[in-house]
$ cat structure-v8.pdb   # PDB, C-alpha atoms, pLDDT in the B column
ATOM      1  CA  MET A   2     -17.214  20.176   8.024  1.00 55.00           C
ATOM      2  CA  GLU A   3     -13.588  21.090   8.212  1.00 68.00           C
ATOM      3  CA  GLN A   4     -11.177  18.175   8.243  1.00 74.00           C
ATOM      4  CA  THR A   5      -8.631  17.895  10.978  1.00 90.00           C
ATOM      5  CA  LEU A   6      -4.996  17.342  10.110  1.00 90.00           C
ATOM      6  CA  ARG A   7      -5.289  13.688  11.186  1.00 91.00           C
ATOM      7  CA  MET A   8      -8.295  13.187   8.888  1.00 92.00           C
ATOM      8  CA  GLU A   9      -6.343  14.731   6.010  1.00 94.00           C
ATOM      9  CA  LYS A  10      -3.401  12.405   6.704  1.00 94.00           C
ATOM     10  CA  ILE A  11      -5.685   9.362   6.707  1.00 95.00           C
ATOM     11  CA  ALA A  12      -7.302  10.435   3.432  1.00 95.00           C
ATOM     12  CA  LEU A  13      -3.888  10.990   1.851  1.00 96.00           C
ATOM     13  CA  LEU A  14      -2.612   7.599   3.034  1.00 96.00           C
ATOM     14  CA  LYS A  15      -5.715   5.864   1.648  1.00 96.00           C
ATOM     15  CA  GLU A  16      -5.191   7.574  -1.689  1.00 97.00           C
ATOM     16  CA  LEU A  17      -1.542   6.478  -1.648  1.00 96.00           C
ATOM     17  CA  LEU A  18      -2.644   2.928  -0.848  1.00 95.00           C
ATOM     18  CA  ASP A  19      -4.877   2.895  -3.930  1.00 94.00           C
ATOM     19  CA  LEU A  20      -2.040   4.184  -6.099  1.00 94.00           C
ATOM     20  CA  VAL A  21       0.451   1.626  -4.775  1.00 94.00           C
ATOM     21  CA  ASP A  22      -2.009  -1.225  -5.307  1.00 91.00           C
ATOM     22  CA  GLY A  23      -2.371  -0.217  -8.945  1.00 91.00           C
ATOM     23  CA  GLU A  24       1.335  -0.781  -9.542  1.00 91.00           C
ATOM     24  CA  ARG A  25       1.231  -4.570  -9.257  1.00 91.00           C
ATOM     25  CA  VAL A  26       2.681  -6.441 -12.215  1.00 90.00           C
ATOM     26  CA  SER A  27       1.430  -9.665 -13.745  1.00 89.00           C
ATOM     27  CA  TYR A  28       3.620 -12.698 -14.145  1.00 83.00           C
ATOM     28  CA  SER A  29       3.356 -16.462 -14.239  1.00 81.00           C
ATOM     29  CA  PRO A  30       3.390 -17.707 -10.629  1.00 74.00           C
ATOM     30  CA  TYR A  31       4.685 -21.044 -11.907  1.00 78.00           C
ATOM     31  CA  GLY A  32       7.351 -19.488 -14.091  1.00 73.00           C
ATOM     32  CA  THR A  33      10.944 -20.186 -13.297  1.00 78.00           C
ATOM     33  CA  SER A  34      12.586 -17.507 -15.349  1.00 88.00           C
ATOM     34  CA  ASN A  35      14.619 -14.723 -13.819  1.00 87.00           C
ATOM     35  CA  GLU A  36      12.025 -12.269 -15.106  1.00 88.00           C
ATOM     36  CA  ASP A  37       9.192 -14.039 -13.256  1.00 86.00           C
ATOM     37  CA  SER A  38      11.258 -14.040 -10.077  1.00 85.00           C
ATOM     38  CA  PHE A  39      12.006 -10.345 -10.493  1.00 89.00           C
ATOM     39  CA  LEU A  40       8.336  -9.489 -11.080  1.00 90.00           C
ATOM     40  CA  SER A  41       7.316 -11.593  -8.086  1.00 88.00           C
ATOM     41  CA  GLY A  42       9.770  -9.585  -5.975  1.00 90.00           C
ATOM     42  CA  ILE A  43       8.213  -6.336  -7.154  1.00 93.00           C
ATOM     43  CA  ASN A  44       4.771  -7.529  -6.055  1.00 93.00           C
ATOM     44  CA  GLU A  45       6.184  -8.660  -2.714  1.00 95.00           C
ATOM     45  CA  GLY A  46       7.659  -5.203  -2.177  1.00 95.00           C
ATOM     46  CA  ILE A  47       4.319  -3.608  -3.034  1.00 96.00           C
ATOM     47  CA  SER A  48       2.599  -5.877  -0.507  1.00 96.00           C
ATOM     48  CA  LYS A  49       5.044  -4.837   2.204  1.00 97.00           C
ATOM     49  CA  ALA A  50       4.508  -1.163   1.371  1.00 96.00           C
ATOM     50  CA  GLU A  51       0.740  -1.675   1.621  1.00 96.00           C
ATOM     51  CA  GLU A  52       1.158  -3.321   5.027  1.00 97.00           C
ATOM     52  CA  GLN A  53       3.139  -0.346   6.311  1.00 97.00           C
ATOM     53  CA  ILE A  54       0.635   2.172   4.941  1.00 96.00           C
ATOM     54  CA  ASN A  55      -2.224   0.230   6.532  1.00 96.00           C
ATOM     55  CA  ALA A  56      -0.348   0.202   9.848  1.00 96.00           C
ATOM     56  CA  LEU A  57      -0.013   3.991   9.699  1.00 95.00           C
ATOM     57  CA  ILE A  58      -3.714   4.377   8.898  1.00 95.00           C
ATOM     58  CA  GLU A  59      -4.653   2.131  11.827  1.00 96.00           C
ATOM     59  CA  LYS A  60      -2.361   4.081  14.145  1.00 94.00           C
ATOM     60  CA  LEU A  61      -3.925   7.387  13.118  1.00 92.00           C
ATOM     61  CA  GLU A  62      -7.471   6.017  13.366  1.00 92.00           C
ATOM     62  CA  ALA A  63      -6.792   4.596  16.836  1.00 91.00           C
ATOM     63  CA  HIS A  64      -6.059   8.083  18.178  1.00 81.00           C
ATOM     64  CA  GLU A  65      -9.379   9.605  17.113  1.00 67.00           C
TER      65      GLU A  65
END
$ encode --input "structure-v8.pdb" --output "structure tokens"
Amino acid sequence: MEQTLRMEKIALLKELLDLVDGERVSYSPYGTSNEDSFLSGINEGISKAEEQINALIEKLEAHE
């Protein structure tokens, strides 16, 4: 079966979502150092990126 352009976009976004999720960093959630705060911010940014990617996937899937 040939994929439509929308199906290809969804597949690409899901692959991107997997890649982004793999970039999380570990840190001590109870740490108070500047480094822990910085690493926590990185994970927060990754979470926001995942939310936006999921929103795009939902938008594309809604128009099937």
$ residues_near_point --input "structure-v8.pdb" --point "(2.3, -3.7, -2.4)" --cutoff "10 Å" --atoms "all atoms listed in the file" --output "ChimeraX atom specification"
/A:18-25,43-54
$ write_last_selection --input "structure-v8.pdb" --atoms "C-alpha atoms" --output "PDB file, in the coordinates of the input"
ATOM      1  CA  LEU A  18      -2.644   2.928  -0.848  1.00 95.00           C
ATOM      2  CA  ASP A  19      -4.877   2.895  -3.930  1.00 94.00           C
ATOM      3  CA  LEU A  20      -2.040   4.184  -6.099  1.00 94.00           C
ATOM      4  CA  VAL A  21       0.451   1.626  -4.775  1.00 94.00           C
ATOM      5  CA  ASP A  22      -2.009  -1.225  -5.307  1.00 91.00           C
ATOM      6  CA  GLY A  23      -2.371  -0.217  -8.945  1.00 91.00           C
ATOM      7  CA  GLU A  24       1.335  -0.781  -9.542  1.00 91.00           C
ATOM      8  CA  ARG A  25       1.231  -4.570  -9.257  1.00 91.00           C
ATOM      9  CA  ILE A  43       8.213  -6.336  -7.154  1.00 93.00           C
ATOM     10  CA  ASN A  44       4.771  -7.529  -6.055  1.00 93.00           C
ATOM     11  CA  GLU A  45       6.184  -8.660  -2.714  1.00 95.00           C
ATOM     12  CA  GLY A  46       7.659  -5.203  -2.177  1.00 95.00           C
ATOM     13  CA  ILE A  47       4.319  -3.608  -3.034  1.00 96.00           C
ATOM     14  CA  SER A  48       2.599  -5.877  -0.507  1.00 96.00           C
ATOM     15  CA  LYS A  49       5.044  -4.837   2.204  1.00 97.00           C
ATOM     16  CA  ALA A  50       4.508  -1.163   1.371  1.00 96.00           C
ATOM     17  CA  GLU A  51       0.740  -1.675   1.621  1.00 96.00           C
ATOM     18  CA  GLU A  52       1.158  -3.321   5.027  1.00 97.00           C
ATOM     19  CA  GLN A  53       3.139  -0.346   6.311  1.00 97.00           C
ATOM     20  CA  ILE A  54       0.635   2.172   4.941  1.00 96.00           C
TER      21      ILE A  54
END
$ residues_around --input "structure-v8.pdb" --residues "A:Lys10" --least-positions-apart "3" --cutoff "12 Å" --atoms "only C-alpha atoms" --output "PDB file with C-alpha atoms, in the frame of the given file"
ATOM      1  CA  GLN A   4     -11.177  18.175   8.243  1.00 74.00           C
ATOM      2  CA  THR A   5      -8.631  17.895  10.978  1.00 90.00           C
ATOM      3  CA  LEU A   6      -4.996  17.342  10.110  1.00 90.00           C
ATOM      4  CA  ARG A   7      -5.289  13.688  11.186  1.00 91.00           C
ATOM      5  CA  LEU A  13      -3.888  10.990   1.851  1.00 96.00           C
ATOM      6  CA  LEU A  14      -2.612   7.599   3.034  1.00 96.00           C
ATOM      7  CA  LYS A  15      -5.715   5.864   1.648  1.00 96.00           C
ATOM      8  CA  GLU A  16      -5.191   7.574  -1.689  1.00 97.00           C
ATOM      9  CA  LEU A  17      -1.542   6.478  -1.648  1.00 96.00           C
ATOM     10  CA  ILE A  54       0.635   2.172   4.941  1.00 96.00           C
ATOM     11  CA  LEU A  57      -0.013   3.991   9.699  1.00 95.00           C
ATOM     12  CA  ILE A  58      -3.714   4.377   8.898  1.00 95.00           C
ATOM     13  CA  GLU A  59      -4.653   2.131  11.827  1.00 96.00           C
ATOM     14  CA  LYS A  60      -2.361   4.081  14.145  1.00 94.00           C
ATOM     15  CA  LEU A  61      -3.925   7.387  13.118  1.00 92.00           C
ATOM     16  CA  GLU A  62      -7.471   6.017  13.366  1.00 92.00           C
TER      17      GLU A  62
END
$ atom_distance --input "structure-v8.pdb" --atom1 "atom CA of A:Gly42" --atom2 "atom CA of A:Val26"
10.0 Å
$ axis_aligned_box --input "structure-v8.pdb" --around "stretch 32-49 of chain A" --padding-each-side "6 Å" --output "JSON"
{"center_x": 8.6, "center_y": -11.9, "center_z": -6.6, "size_x": 24.0, "size_y": 28.6, "size_z": 29.6}
$ resolve_selection --input "structure-v8.pdb" --expression "the PyMOL selection byres ((chain A and resi 28) around 7)" --output "mmCIF file with C-alpha atoms, keeping the file's coordinate frame"
data_model
loop_
_atom_site.group_PDB
_atom_site.id
_atom_site.type_symbol
_atom_site.label_atom_id
_atom_site.label_comp_id
_atom_site.auth_asym_id
_atom_site.auth_seq_id
_atom_site.Cartn_x
_atom_site.Cartn_y
_atom_site.Cartn_z
ATOM 1 C CA VAL A 26 2.681 -6.441 -12.215
ATOM 2 C CA SER A 27 1.430 -9.665 -13.745
ATOM 3 C CA SER A 29 3.356 -16.462 -14.239
ATOM 4 C CA PRO A 30 3.390 -17.707 -10.629
ATOM 5 C CA ASP A 37 9.192 -14.039 -13.256
ATOM 6 C CA LEU A 40 8.336 -9.489 -11.080
#
